[in-house]
Amino acid sequence: MNRRAPRMLRSTAALLTVFAAFPSVTHAQSPDVTNDQKPSFTQGEAQTDIIKLFKWTGSNPRTANVGTIKASDGTEWTVPAKTHFQSAPRAADLYNEANGVTPDGIDNVDLEAIPAINAGGDELFTGYVFGDNYFEFYVNGKLLAVDPVPMTPFNSNIIRFKANRPFTVGIMGVDWEERLGLGFEQFRGAPFHQGDAGLVAVIKDAAGETIAITDRSWKAQTFYTAPLKTKDCLVLRGAIRDSSNCSTEDTADGTAYFAAHWPIPPNWAAVDFDDRGWPNAVTFTNDFVGVDNKPAYTNFTDLFDAPRADAHFIWTSSLVHDNLVLMRTTVGKQQDQ
Ligand SMILES: [Ca+2]
Ligand SMILES: [Ca+2]
Ligand SMILES: [Ca+2]
Ligand SMILES: [Ca+2]
C-alpha cells in the first residue's frame, strides 16, 4: 500500500518487535528447523517466462507480471506467485475502477444479482474481501473465486457461496511486485521501493449477521519472502519465518537482493490440513496499513469497521517482506455457536 503511516512509526514498531522477540538471536537458523522448512533462496530479478497478467493505466498505473527464477539449489519458482488468475472464475466486484464499478456504499450494491457459488452445502453466505494486492478464496479446499485485479487499482470483492457449517476458509494473499522475484515496486520515483500488504475479510450469513472477521485467530504463513538484503537476516525457528531483522528501506539498486521460497502444500486449503504449526495471523490497524485513500475500502467501513464486528487487517509478522501468504480459519465450529 502507499505507506502513509510515518516511517518512524514503522521503524519503531519493527525495532520493538526485534528486541522483544529475539533478545539473544545470534545465528540465522536454530537446530529445530527441519528440512522442509528450510527456504530455497534466489538472488536477483526473475528474467524468464515473463507473462503479463493485467495492466492498469488509470491512477496509480501498474503492470502485473509473473515470471520464473531459478534458485541456487536448482528449483524453479514462479514469482510473485503461481496463481489461478487466468483459469478461475473472477470474484464479483464490490468496488473496482477497472470495471467501472464504484458504488459509494453497500446500500448501492445489488447482492441478489451475484450468483451463489456451490461450495457443497445449503446455507447462503456472503464474503467481502479487500486484499493488498491479490487473493484467491477457497472454501473446504475448493477454489471459489479469484481477485480480478492482481496489483492496481485497489479493489474489493464479494463472494456469495452455499456451504454448511462448519466450513474452512483458505485465502491465498499476494503482495504483488514490479521487480519480479525481489518484492520491489516503483513508488514516488523510487525504483526499488519495498511494497507492503494486508487483507481484510468479513463473512455474513443470509440474515446479515457477521459470522466471521479477519482477526488473530486466523492462521497465516508466508511462502515467499523478499527482498532480503542478506540471507542471514531471515530468522527461522520451527515454523516461524521471521524477517524483522531485514531492512525495509528503499535502495538505489536492489538487483542483488535475495528472496526466500518455500513449497506450498498441495492440500493447504483442505478442511483436514493440519495448520497447528502455523503462526497465528498478526493484525494491523487501518492507519498502519494506510488505507485512508482507498475508496474500495473506505466506502464500506460499515462492513469492514463495524463497531461490534470490526474486521482487522491480517497478514504475517511482516507486512513488507512476506509476499505470498496463506491464511486459514474454520467458521461455525461448535464452540462458536
Ligand atoms: Ca486486487
Ligand atoms: Ca512486499
Ligand atoms: Ca502491495
Ligand atoms: Ca476494521
# chains A, B, ... in the order shown; residues from 1 in each chain; ligands from 1

call {"tool": "residues_near_ligand", "arguments": {"ligand": "ligand 2", "cutoff": "6 Å", "atoms": "only C-alpha atoms and all ligand atoms", "output": "list in words"}}
result
Asp175, Gly183, Gln194, Gly195, Asp196, Val320, His321, Asp322 and Asn323 of chain A

call {"tool": "write_last_selection", "arguments": {"atoms": "all heavy atoms", "output": "JSON list (two decimals), in the first residue's frame"}}
result
[["chain", "number", "residue", "atom", "x", "y", "z"],
["A", 175, "ASP", "N", 1.11, -10.06, -2.10],
["A", 175, "ASP", "CA", 1.55, -8.67, -2.23],
["A", 175, "ASP", "C", 2.31, -8.59, -3.54],
["A", 175, "ASP", "O", 3.43, -9.10, -3.64],
["A", 175, "ASP", "CB", 2.44, -8.30, -1.03],
["A", 175, "ASP", "CG", 2.89, -6.86, -1.09],
["A", 175, "ASP", "OD1", 2.19, -6.05, -1.73],
["A", 175, "ASP", "OD2", 3.95, -6.54, -0.50],
["A", 183, "GLY", "N", 10.34, -8.44, -4.75],
["A", 183, "GLY", "CA", 9.44, -7.75, -3.82],
["A", 183, "GLY", "C", 9.51, -6.24, -3.88],
["A", 183, "GLY", "O", 8.98, -5.58, -3.00],
["A", 194, "GLN", "N", 10.05, -1.06, -1.25],
["A", 194, "GLN", "CA", 9.51, -2.31, -0.71],
["A", 194, "GLN", "C", 8.01, -2.16, -0.48],
["A", 194, "GLN", "O", 7.58, -1.43, 0.39],
["A", 194, "GLN", "CB", 10.21, -2.67, 0.60],
["A", 194, "GLN", "CG", 11.73, -2.74, 0.45],
["A", 194, "GLN", "CD", 12.37, -3.61, 1.51],
["A", 194, "GLN", "OE1", 11.72, -4.49, 2.08],
["A", 194, "GLN", "NE2", 13.65, -3.39, 1.76],
["A", 195, "GLY", "N", 7.22, -2.87, -1.28],
["A", 195, "GLY", "CA", 5.77, -2.79, -1.19],
["A", 195, "GLY", "C", 5.26, -3.52, 0.04],
["A", 195, "GLY", "O", 5.91, -4.42, 0.55],
["A", 196, "ASP", "N", 4.08, -3.11, 0.50],
["A", 196, "ASP", "CA", 3.51, -3.83, 1.63],
["A", 196, "ASP", "C", 2.10, -4.34, 1.34],
["A", 196, "ASP", "O", 1.52, -4.08, 0.28],
["A", 196, "ASP", "CB", 3.59, -3.02, 2.93],
["A", 196, "ASP", "CG", 2.85, -1.70, 2.84],
["A", 196, "ASP", "OD1", 2.22, -1.43, 1.81],
["A", 196, "ASP", "OD2", 2.92, -0.92, 3.81],
["A", 320, "VAL", "N", 5.66, -6.20, 5.04],
["A", 320, "VAL", "CA", 6.51, -5.74, 3.93],
["A", 320, "VAL", "C", 7.17, -6.92, 3.21],
["A", 320, "VAL", "O", 7.05, -7.04, 1.98],
["A", 320, "VAL", "CB", 7.59, -4.76, 4.45],
["A", 320, "VAL", "CG1", 8.60, -4.43, 3.35],
["A", 320, "VAL", "CG2", 6.93, -3.48, 4.97],
["A", 321, "HIS", "N", 7.84, -7.78, 3.95],
["A", 321, "HIS", "CA", 8.66, -8.81, 3.29],
["A", 321, "HIS", "C", 7.87, -10.03, 2.83],
["A", 321, "HIS", "O", 8.26, -10.70, 1.88],
["A", 321, "HIS", "CB", 9.77, -9.30, 4.22],
["A", 321, "HIS", "CG", 10.75, -8.24, 4.59],
["A", 321, "HIS", "ND1", 10.96, -7.83, 5.88],
["A", 321, "HIS", "CD2", 11.56, -7.46, 3.83],
["A", 321, "HIS", "CE1", 11.87, -6.88, 5.91],
["A", 321, "HIS", "NE2", 12.24, -6.62, 4.68],
["A", 322, "ASP", "N", 6.80, -10.36, 3.54],
["A", 322, "ASP", "CA", 6.09, -11.60, 3.22],
["A", 322, "ASP", "C", 5.08, -11.32, 2.10],
["A", 322, "ASP", "O", 4.12, -10.58, 2.29],
["A", 322, "ASP", "CB", 5.42, -12.17, 4.46],
["A", 322, "ASP", "CG", 6.45, -12.65, 5.48],
["A", 322, "ASP", "OD1", 7.60, -12.91, 5.06],
["A", 322, "ASP", "OD2", 6.11, -12.77, 6.67],
["A", 323, "ASN", "N", 5.32, -11.92, 0.94],
["A", 323, "ASN", "CA", 4.59, -11.54, -0.27],
["A", 323, "ASN", "C", 3.59, -12.60, -0.74],
["A", 323, "ASN", "O", 2.72, -12.29, -1.54],
["A", 323, "ASN", "CB", 5.57, -11.26, -1.40],
["A", 323, "ASN", "CG", 6.56, -10.18, -1.04],
["A", 323, "ASN", "OD1", 6.18, -9.14, -0.50],
["A", 323, "ASN", "ND2", 7.84, -10.43, -1.30]]

call {"tool": "residues_around", "arguments": {"residues": "Val139 (chain A)", "least_positions_apart": "4", "cutoff": "9 Å", "atoms": "only C-alpha atoms", "output": "ChimeraX atom specification"}}
result
/A:119,143-144,161,163,167-171,269-271

call {"tool": "residues_near_ligand", "arguments": {"ligand": "ligand 1", "cutoff": "6 Å", "atoms": "only C-alpha atoms and all ligand atoms", "output": "list in words"}}
result
Gly131, Asn133, Tyr134, Asp147, Val149, Pro150, Met151, Phe154 and Asn155 of chain A

call {"tool": "select_by_dssp", "arguments": {"residues": "region 156-201 of chain A", "states": "strand (DSSP E)", "output": "list of chain:residue names"}}
result
A:Ser156, A:Asn157, A:Ile158, A:Ile159, A:Arg160, A:Phe161, A:Lys162, A:Ala163, A:Phe167, A:Thr168, A:Val169, A:Gly170, A:Ile171, A:Met172, A:Gly173, A:Val174, A:Phe184, A:Glu185, A:Gln186, A:Phe187, A:Ala190, A:Pro191, A:Phe192, A:His193, A:Gln194, A:Gly198, A:Leu199, A:Val200, A:Ala201

call {"tool": "write_last_selection", "arguments": {"atoms": "C-alpha atoms", "output": "PDB file, in the first residue's frame"}}
result
ATOM      1  CA  SER A 156     -12.665  -5.106  -3.242  1.00  0.00           C
ATOM      2  CA  ASN A 157     -14.844  -8.120  -3.902  1.00  0.00           C
ATOM      3  CA  ILE A 158     -17.915 -10.122  -2.972  1.00  0.00           C
ATOM      4  CA  ILE A 159     -18.087 -13.916  -2.912  1.00  0.00           C
ATOM      5  CA  ARG A 160     -21.545 -15.446  -2.382  1.00  0.00           C
ATOM      6  CA  PHE A 161     -21.489 -19.165  -1.734  1.00  0.00           C
ATOM      7  CA  LYS A 162     -23.526 -22.041  -0.361  1.00  0.00           C
ATOM      8  CA  ALA A 163     -21.970 -24.260   2.286  1.00  0.00           C
ATOM      9  CA  PHE A 167     -16.607 -24.692   6.899  1.00  0.00           C
ATOM     10  CA  THR A 168     -12.945 -23.934   6.361  1.00  0.00           C
ATOM     11  CA  VAL A 169     -11.879 -20.750   4.597  1.00  0.00           C
ATOM     12  CA  GLY A 170      -8.489 -20.578   2.917  1.00  0.00           C
ATOM     13  CA  ILE A 171      -7.217 -17.366   1.399  1.00  0.00           C
ATOM     14  CA  MET A 172      -4.018 -17.033  -0.576  1.00  0.00           C
ATOM     15  CA  GLY A 173      -2.856 -13.436  -0.384  1.00  0.00           C
ATOM     16  CA  VAL A 174      -0.211 -11.982  -2.690  1.00  0.00           C
ATOM     17  CA  PHE A 184      10.242  -4.255  -5.038  1.00  0.00           C
ATOM     18  CA  GLU A 185       7.980  -1.792  -6.825  1.00  0.00           C
ATOM     19  CA  GLN A 186       8.306   1.760  -8.076  1.00  0.00           C
ATOM     20  CA  PHE A 187       6.933   4.327  -5.703  1.00  0.00           C
ATOM     21  CA  ALA A 190      11.973   5.348  -6.113  1.00  0.00           C
ATOM     22  CA  PRO A 191      12.790   2.386  -8.392  1.00  0.00           C
ATOM     23  CA  PHE A 192      13.321  -0.122  -5.556  1.00  0.00           C
ATOM     24  CA  HIS A 193      10.587   0.501  -3.008  1.00  0.00           C
ATOM     25  CA  GLN A 194       9.511  -2.313  -0.707  1.00  0.00           C
ATOM     26  CA  GLY A 198      -2.635  -6.690   4.229  1.00  0.00           C
ATOM     27  CA  LEU A 199      -6.040  -8.318   3.858  1.00  0.00           C
ATOM     28  CA  VAL A 200      -9.474  -7.809   5.415  1.00  0.00           C
ATOM     29  CA  ALA A 201     -12.422 -10.183   5.115  1.00  0.00           C
TER      30      ALA A 201
END

call {"tool": "select_by_dssp", "arguments": {"residues": "region 33-267 of chain A", "states": "helix (DSSP H, G or I)", "output": "short mmCIF file (atom, residue, chain, number, x, y, z; two decimals) with all heavy atoms, in the first residue's frame"}}
result
data_model
loop_
_atom_site.label_atom_id
_atom_site.label_comp_id
_atom_site.auth_asym_id
_atom_site.auth_seq_id
_atom_site.Cartn_x
_atom_site.Cartn_y
_atom_site.Cartn_z
N ASN A 35 14.09 -29.87 7.48
CA ASN A 35 14.45 -29.67 6.08
C ASN A 35 13.35 -29.01 5.27
O ASN A 35 13.62 -28.15 4.45
CB ASN A 35 14.81 -31.01 5.44
CG ASN A 35 16.26 -31.37 5.72
OD1 ASN A 35 17.09 -30.48 5.90
ND2 ASN A 35 16.55 -32.65 5.79
N ASP A 36 12.08 -29.42 5.52
CA ASP A 36 11.02 -28.88 4.67
C ASP A 36 10.72 -27.43 5.01
O ASP A 36 9.96 -26.79 4.31
CB ASP A 36 9.78 -29.75 4.75
CG ASP A 36 9.16 -29.76 6.13
OD1 ASP A 36 9.84 -29.37 7.09
OD2 ASP A 36 8.01 -30.16 6.25
N GLN A 37 11.25 -26.91 6.09
CA GLN A 37 11.05 -25.51 6.38
C GLN A 37 12.23 -24.66 5.96
O GLN A 37 12.19 -23.44 6.04
CB GLN A 37 10.77 -25.32 7.88
CG GLN A 37 9.37 -25.78 8.22
CD GLN A 37 9.22 -26.19 9.65
OE1 GLN A 37 10.18 -26.28 10.38
NE2 GLN A 37 8.00 -26.43 10.06
N GLU A 97 -12.53 0.02 -10.01
CA GLU A 97 -12.43 1.06 -11.04
C GLU A 97 -12.17 0.47 -12.42
O GLU A 97 -12.63 1.01 -13.43
CB GLU A 97 -11.28 2.01 -10.72
CG GLU A 97 -11.56 3.04 -9.66
CD GLU A 97 -10.29 3.82 -9.36
OE1 GLU A 97 -10.02 4.79 -10.08
OE2 GLU A 97 -9.58 3.42 -8.41
N ALA A 98 -11.43 -0.63 -12.48
CA ALA A 98 -11.08 -1.21 -13.78
C ALA A 98 -12.31 -1.71 -14.52
O ALA A 98 -12.31 -1.82 -15.75
CB ALA A 98 -10.06 -2.33 -13.60
N ASN A 99 -13.37 -2.04 -13.78
CA ASN A 99 -14.62 -2.47 -14.40
C ASN A 99 -15.71 -1.41 -14.31
O ASN A 99 -16.87 -1.68 -14.64
CB ASN A 99 -15.13 -3.77 -13.74
CG ASN A 99 -14.31 -4.98 -14.16
OD1 ASN A 99 -13.62 -4.95 -15.16
ND2 ASN A 99 -14.37 -6.04 -13.36
N ILE A 106 -22.44 0.20 0.61
CA ILE A 106 -23.00 -1.14 0.42
C ILE A 106 -24.47 -1.08 0.03
O ILE A 106 -24.98 -2.00 -0.63
CB ILE A 106 -22.78 -2.00 1.69
CG1 ILE A 106 -23.14 -3.48 1.42
CG2 ILE A 106 -23.58 -1.47 2.87
CD1 ILE A 106 -22.27 -4.16 0.41
N ASP A 107 -25.16 0.02 0.39
CA ASP A 107 -26.58 0.13 0.04
C ASP A 107 -26.79 0.20 -1.47
O ASP A 107 -27.89 -0.06 -1.96
CB ASP A 107 -27.19 1.37 0.69
CG ASP A 107 -27.30 1.21 2.20
OD1 ASP A 107 -27.17 0.06 2.68
OD2 ASP A 107 -27.48 2.23 2.90
N ASN A 108 -25.75 0.56 -2.20
CA ASN A 108 -25.86 0.66 -3.65
C ASN A 108 -25.28 -0.55 -4.37
O ASN A 108 -24.90 -0.46 -5.54
CB ASN A 108 -25.19 1.94 -4.13
CG ASN A 108 -25.95 3.17 -3.68
OD1 ASN A 108 -27.17 3.16 -3.64
ND2 ASN A 108 -25.23 4.21 -3.30
N LEU A 111 -26.77 -7.24 -4.22
CA LEU A 111 -26.24 -8.57 -3.85
C LEU A 111 -26.99 -9.69 -4.56
O LEU A 111 -26.39 -10.70 -4.95
CB LEU A 111 -26.33 -8.76 -2.34
CG LEU A 111 -25.37 -7.93 -1.50
CD1 LEU A 111 -25.65 -8.15 -0.01
CD2 LEU A 111 -23.92 -8.28 -1.82
N GLU A 112 -28.30 -9.49 -4.72
CA GLU A 112 -29.11 -10.57 -5.31
C GLU A 112 -28.68 -10.88 -6.74
O GLU A 112 -28.94 -11.98 -7.25
CB GLU A 112 -30.59 -10.17 -5.30
CG GLU A 112 -31.14 -9.90 -3.91
CD GLU A 112 -31.02 -11.10 -2.99
OE1 GLU A 112 -31.22 -12.23 -3.47
OE2 GLU A 112 -30.69 -10.91 -1.81
N ALA A 113 -28.03 -9.93 -7.39
CA ALA A 113 -27.62 -10.15 -8.78
C ALA A 113 -26.35 -11.01 -8.87
O ALA A 113 -25.96 -11.41 -9.97
CB ALA A 113 -27.37 -8.80 -9.46
N LYS A 231 20.84 -13.09 3.19
CA LYS A 231 20.07 -14.29 3.55
C LYS A 231 19.98 -14.44 5.06
O LYS A 231 19.00 -14.95 5.59
CB LYS A 231 20.77 -15.53 2.97
CG LYS A 231 20.68 -15.63 1.45
CD LYS A 231 21.16 -16.99 1.01
CE LYS A 231 22.25 -16.85 -0.03
NZ LYS A 231 22.75 -18.14 -0.52
N ASP A 232 21.03 -14.00 5.75
CA ASP A 232 21.11 -14.24 7.19
C ASP A 232 20.15 -13.41 8.02
O ASP A 232 19.95 -13.70 9.20
CB ASP A 232 22.55 -13.97 7.69
CG ASP A 232 23.50 -15.05 7.25
OD1 ASP A 232 23.01 -16.07 6.71
OD2 ASP A 232 24.71 -14.87 7.42
N CYS A 233 19.57 -12.37 7.44
CA CYS A 233 18.64 -11.56 8.24
C CYS A 233 17.34 -12.32 8.51
O CYS A 233 16.59 -11.97 9.41
CB CYS A 233 18.36 -10.21 7.58
SG CYS A 233 17.41 -10.30 6.04
#

call {"tool": "residues_near_ligand", "arguments": {"ligand": "ligand 4", "cutoff": "6 Å", "atoms": "only C-alpha atoms and all ligand atoms", "output": "list in words"}}
result
Phe304, Asp305, Asp310, Ala311 and His312 of chain A

call {"tool": "write_last_selection", "arguments": {"atoms": "N, CA and C atoms", "output": "CSV table (one decimal), in the first residue's frame"}}
result
chain,number,residue,atom,x,y,z
A,304,PHE,N,-16.4,-3.2,7.0
A,304,PHE,CA,-15.1,-3.6,7.4
A,304,PHE,C,-14.7,-3.1,8.8
A,305,ASP,N,-15.4,-2.0,9.3
A,305,ASP,CA,-15.1,-1.5,10.6
A,305,ASP,C,-16.4,-1.4,11.5
A,310,ASP,N,-15.6,-5.7,14.1
A,310,ASP,CA,-14.6,-4.9,13.4
A,310,ASP,C,-13.5,-5.8,12.9
A,311,ALA,N,-13.5,-6.0,11.6
A,311,ALA,CA,-12.5,-6.9,10.9
A,311,ALA,C,-11.2,-6.2,10.9
A,312,HIS,N,-10.1,-7.0,11.2
A,312,HIS,CA,-8.8,-6.4,11.2
A,312,HIS,C,-8.1,-6.7,9.9

call {"tool": "closest_residue", "arguments": {"among": "A:Thr210, A:Thr316, A:Thr298, A:Asn118", "to": "Thr225 (chain A)", "atoms": "only C-alpha atoms"}}
result
A:Thr316

call {"tool": "closest_residue", "arguments": {"among": "A:Phe273, A:Ala92, A:Ala260, A:Asp242", "to": "Asp73 (chain A)", "atoms": "only C-alpha atoms"}}
result
A:Ala260

call {"tool": "residues_around", "arguments": {"residues": "Leu234 (chain A)", "least_positions_apart": "4", "cutoff": "8 Å", "atoms": "only C-alpha atoms", "output": "PyMOL selection string"}}
result
chain A and resi 28+228+230+241-246

call {"tool": "write_last_selection", "arguments": {"atoms": "all heavy atoms", "output": "compact mmCIF listing (two decimals), in the first residue's frame"}}
result
# COMPACT_ATOMS: atom_id res chain seq x y z
N ALA A 28 21.29 -17.49 12.23
CA ALA A 28 20.08 -17.43 11.42
C ALA A 28 19.18 -18.64 11.60
O ALA A 28 17.99 -18.53 11.42
CB ALA A 28 20.46 -17.29 9.95
N LEU A 228 15.30 -9.54 0.63
CA LEU A 228 16.21 -9.76 1.76
C LEU A 228 17.57 -9.21 1.34
O LEU A 228 18.15 -9.66 0.37
CB LEU A 228 16.33 -11.25 2.07
CG LEU A 228 15.01 -12.00 2.35
CD1 LEU A 228 15.26 -13.50 2.47
CD2 LEU A 228 14.34 -11.45 3.61
N THR A 230 20.28 -9.54 2.96
CA THR A 230 21.18 -10.69 3.14
C THR A 230 20.31 -11.90 3.45
O THR A 230 19.20 -11.76 3.96
CB THR A 230 22.14 -10.49 4.31
OG1 THR A 230 21.37 -10.46 5.53
CG2 THR A 230 22.93 -9.18 4.17
N ARG A 241 8.95 -17.90 10.47
CA ARG A 241 9.80 -17.39 9.39
C ARG A 241 9.86 -15.88 9.57
O ARG A 241 9.03 -15.15 9.05
CB ARG A 241 9.20 -17.78 8.03
CG ARG A 241 9.06 -19.30 7.89
CD ARG A 241 8.19 -19.75 6.72
NE ARG A 241 8.16 -21.21 6.66
CZ ARG A 241 7.43 -21.92 5.82
NH1 ARG A 241 6.63 -21.30 4.96
NH2 ARG A 241 7.48 -23.24 5.84
N ASP A 242 10.81 -15.42 10.33
CA ASP A 242 10.81 -14.05 10.84
C ASP A 242 11.84 -13.19 10.12
O ASP A 242 13.04 -13.46 10.18
CB ASP A 242 11.09 -14.06 12.33
CG ASP A 242 10.85 -12.69 12.92
OD1 ASP A 242 11.69 -11.81 12.70
OD2 ASP A 242 9.81 -12.50 13.58
N SER A 243 11.34 -12.14 9.47
CA SER A 243 12.24 -11.26 8.71
C SER A 243 12.36 -9.88 9.36
O SER A 243 12.77 -8.93 8.70
CB SER A 243 11.72 -11.11 7.27
OG SER A 243 10.43 -10.53 7.28
N SER A 244 12.03 -9.80 10.66
CA SER A 244 12.03 -8.47 11.28
C SER A 244 13.44 -7.89 11.43
O SER A 244 13.59 -6.70 11.70
CB SER A 244 11.31 -8.50 12.63
OG SER A 244 11.91 -9.44 13.48
N ASN A 245 14.46 -8.73 11.25
CA ASN A 245 15.83 -8.19 11.23
C ASN A 245 16.23 -7.66 9.86
O ASN A 245 17.32 -7.09 9.71
CB ASN A 245 16.83 -9.29 11.61
CG ASN A 245 16.79 -9.62 13.08
OD1 ASN A 245 16.48 -8.77 13.91
ND2 ASN A 245 17.07 -10.87 13.41
N CYS A 246 15.39 -7.87 8.86
CA CYS A 246 15.76 -7.50 7.49
C CYS A 246 15.33 -6.06 7.19
O CYS A 246 14.26 -5.62 7.63
CB CYS A 246 15.11 -8.44 6.48
SG CYS A 246 15.48 -10.19 6.77

call {"tool": "closest_residue", "arguments": {"among": "A:Gly238, A:Pro265, A:Pro103, A:Pro153", "to": "ligand 3", "atoms": "only C-alpha atoms and all ligand atoms"}}
result
A:Pro153

call {"tool": "closest_residue", "arguments": {"among": "A:Glu177, A:Asp110, A:Glu136, A:Asp49", "to": "ligand 3", "atoms": "only C-alpha atoms and all ligand atoms"}}
result
A:Glu177

call {"tool": "atom_distance", "arguments": {"atom1": "CA of Gly189 (chain A)", "atom2": "CA of Thr63 (chain A)"}}
result
16.0 Å

call {"tool": "closest_residue", "arguments": {"among": "A:Ala64, A:Ala88, A:Ile240, A:Val202", "to": "ligand 3", "atoms": "only C-alpha atoms and all ligand atoms"}}
result
A:Ala64

call {"tool": "closest_residue", "arguments": {"among": "A:Glu209, A:Trp268, A:Pro115, A:Pro279", "to": "Arg237 (chain A)", "atoms": "only C-alpha atoms"}}
result
A:Pro279

call {"tool": "decode", "arguments": {"residues": "region 129-137 of chain A", "atoms": "all heavy atoms", "output": "PDB file, in the first residue's frame"}}
result
ATOM      1  N   VAL A 129     -14.120  -9.076   0.652  1.00  0.00           N
ATOM      2  CA  VAL A 129     -12.663  -9.120   0.796  1.00  0.00           C
ATOM      3  C   VAL A 129     -12.031  -7.877   0.183  1.00  0.00           C
ATOM      4  O   VAL A 129     -12.366  -7.479  -0.942  1.00  0.00           O
ATOM      5  CB  VAL A 129     -12.059 -10.371   0.100  1.00  0.00           C
ATOM      6  CG1 VAL A 129     -10.549 -10.428   0.316  1.00  0.00           C
ATOM      7  CG2 VAL A 129     -12.707 -11.648   0.611  1.00  0.00           C
ATOM      8  N   PHE A 130     -11.135  -7.265   0.948  1.00  0.00           N
ATOM      9  CA  PHE A 130     -10.240  -6.238   0.416  1.00  0.00           C
ATOM     10  C   PHE A 130      -8.826  -6.752   0.645  1.00  0.00           C
ATOM     11  O   PHE A 130      -8.421  -6.978   1.789  1.00  0.00           O
ATOM     12  CB  PHE A 130     -10.445  -4.898   1.140  1.00  0.00           C
ATOM     13  CG  PHE A 130      -9.462  -3.822   0.736  1.00  0.00           C
ATOM     14  CD1 PHE A 130      -9.785  -2.894  -0.246  1.00  0.00           C
ATOM     15  CD2 PHE A 130      -8.213  -3.740   1.335  1.00  0.00           C
ATOM     16  CE1 PHE A 130      -8.878  -1.903  -0.613  1.00  0.00           C
ATOM     17  CE2 PHE A 130      -7.299  -2.761   0.975  1.00  0.00           C
ATOM     18  CZ  PHE A 130      -7.632  -1.832  -0.003  1.00  0.00           C
ATOM     19  N   GLY A 131      -8.098  -6.963  -0.430  1.00  0.00           N
ATOM     20  CA  GLY A 131      -6.743  -7.501  -0.285  1.00  0.00           C
ATOM     21  C   GLY A 131      -5.725  -6.639  -1.000  1.00  0.00           C
ATOM     22  O   GLY A 131      -5.962  -6.204  -2.121  1.00  0.00           O
ATOM     23  N   ASP A 132      -4.611  -6.400  -0.344  1.00  0.00           N
ATOM     24  CA  ASP A 132      -3.474  -5.696  -0.961  1.00  0.00           C
ATOM     25  C   ASP A 132      -2.412  -6.750  -1.243  1.00  0.00           C
ATOM     26  O   ASP A 132      -1.736  -7.191  -0.310  1.00  0.00           O
ATOM     27  CB  ASP A 132      -2.974  -4.618   0.000  1.00  0.00           C
ATOM     28  CG  ASP A 132      -1.762  -3.855  -0.521  1.00  0.00           C
ATOM     29  OD1 ASP A 132      -1.182  -4.279  -1.533  1.00  0.00           O
ATOM     30  OD2 ASP A 132      -1.379  -2.870   0.113  1.00  0.00           O
ATOM     31  N   ASN A 133      -2.269  -7.270  -2.475  1.00  0.00           N
ATOM     32  CA  ASN A 133      -2.937  -6.775  -3.659  1.00  0.00           C
ATOM     33  C   ASN A 133      -3.880  -7.791  -4.294  1.00  0.00           C
ATOM     34  O   ASN A 133      -4.754  -7.407  -5.077  1.00  0.00           O
ATOM     35  CB  ASN A 133      -1.886  -6.427  -4.747  1.00  0.00           C
ATOM     36  CG  ASN A 133      -0.938  -5.349  -4.350  1.00  0.00           C
ATOM     37  OD1 ASN A 133       0.097  -5.590  -3.749  1.00  0.00           O
ATOM     38  ND2 ASN A 133      -1.298  -4.101  -4.712  1.00  0.00           N
ATOM     39  N   TYR A 134      -3.684  -9.058  -4.030  1.00  0.00           N
ATOM     40  CA  TYR A 134      -4.374 -10.111  -4.779  1.00  0.00           C
ATOM     41  C   TYR A 134      -4.735 -11.250  -3.830  1.00  0.00           C
ATOM     42  O   TYR A 134      -3.997 -11.547  -2.894  1.00  0.00           O
ATOM     43  CB  TYR A 134      -3.460 -10.648  -5.884  1.00  0.00           C
ATOM     44  CG  TYR A 134      -4.014 -11.823  -6.657  1.00  0.00           C
ATOM     45  CD1 TYR A 134      -4.955 -11.629  -7.656  1.00  0.00           C
ATOM     46  CD2 TYR A 134      -3.592 -13.120  -6.380  1.00  0.00           C
ATOM     47  CE1 TYR A 134      -5.475 -12.714  -8.350  1.00  0.00           C
ATOM     48  CE2 TYR A 134      -4.107 -14.210  -7.076  1.00  0.00           C
ATOM     49  CZ  TYR A 134      -5.048 -13.996  -8.067  1.00  0.00           C
ATOM     50  OH  TYR A 134      -5.562 -15.062  -8.759  1.00  0.00           O
ATOM     51  N   PHE A 135      -5.905 -11.880  -4.112  1.00  0.00           N
ATOM     52  CA  PHE A 135      -6.274 -13.028  -3.269  1.00  0.00           C
ATOM     53  C   PHE A 135      -6.956 -14.103  -4.098  1.00  0.00           C
ATOM     54  O   PHE A 135      -7.498 -13.849  -5.178  1.00  0.00           O
ATOM     55  CB  PHE A 135      -7.208 -12.579  -2.126  1.00  0.00           C
ATOM     56  CG  PHE A 135      -8.591 -12.206  -2.601  1.00  0.00           C
ATOM     57  CD1 PHE A 135      -9.581 -13.173  -2.744  1.00  0.00           C
ATOM     58  CD2 PHE A 135      -8.900 -10.895  -2.939  1.00  0.00           C
ATOM     59  CE1 PHE A 135     -10.847 -12.840  -3.202  1.00  0.00           C
ATOM     60  CE2 PHE A 135     -10.164 -10.554  -3.407  1.00  0.00           C
ATOM     61  CZ  PHE A 135     -11.140 -11.528  -3.536  1.00  0.00           C
ATOM     62  N   GLU A 136      -6.912 -15.324  -3.568  1.00  0.00           N
ATOM     63  CA  GLU A 136      -7.704 -16.440  -4.084  1.00  0.00           C
ATOM     64  C   GLU A 136      -8.470 -17.018  -2.896  1.00  0.00           C
ATOM     65  O   GLU A 136      -7.894 -17.196  -1.822  1.00  0.00           O
ATOM     66  CB  GLU A 136      -6.796 -17.492  -4.747  1.00  0.00           C
ATOM     67  CG  GLU A 136      -6.012 -16.886  -5.912  1.00  0.00           C
ATOM     68  CD  GLU A 136      -5.371 -17.899  -6.853  1.00  0.00           C
ATOM     69  OE1 GLU A 136      -5.162 -19.053  -6.444  1.00  0.00           O
ATOM     70  OE2 GLU A 136      -5.086 -17.495  -8.006  1.00  0.00           O
ATOM     71  N   PHE A 137      -9.755 -17.271  -3.082  1.00  0.00           N
ATOM     72  CA  PHE A 137     -10.676 -17.570  -1.977  1.00  0.00           C
ATOM     73  C   PHE A 137     -11.180 -19.007  -2.074  1.00  0.00           C
ATOM     74  O   PHE A 137     -11.847 -19.373  -3.046  1.00  0.00           O
ATOM     75  CB  PHE A 137     -11.842 -16.580  -2.036  1.00  0.00           C
ATOM     76  CG  PHE A 137     -12.745 -16.574  -0.839  1.00  0.00           C
ATOM     77  CD1 PHE A 137     -12.549 -15.673   0.202  1.00  0.00           C
ATOM     78  CD2 PHE A 137     -13.823 -17.448  -0.751  1.00  0.00           C
ATOM     79  CE1 PHE A 137     -13.389 -15.647   1.308  1.00  0.00           C
ATOM     80  CE2 PHE A 137     -14.674 -17.434   0.355  1.00  0.00           C
ATOM     81  CZ  PHE A 137     -14.455 -16.523   1.381  1.00  0.00           C
TER      82      PHE A 137
END
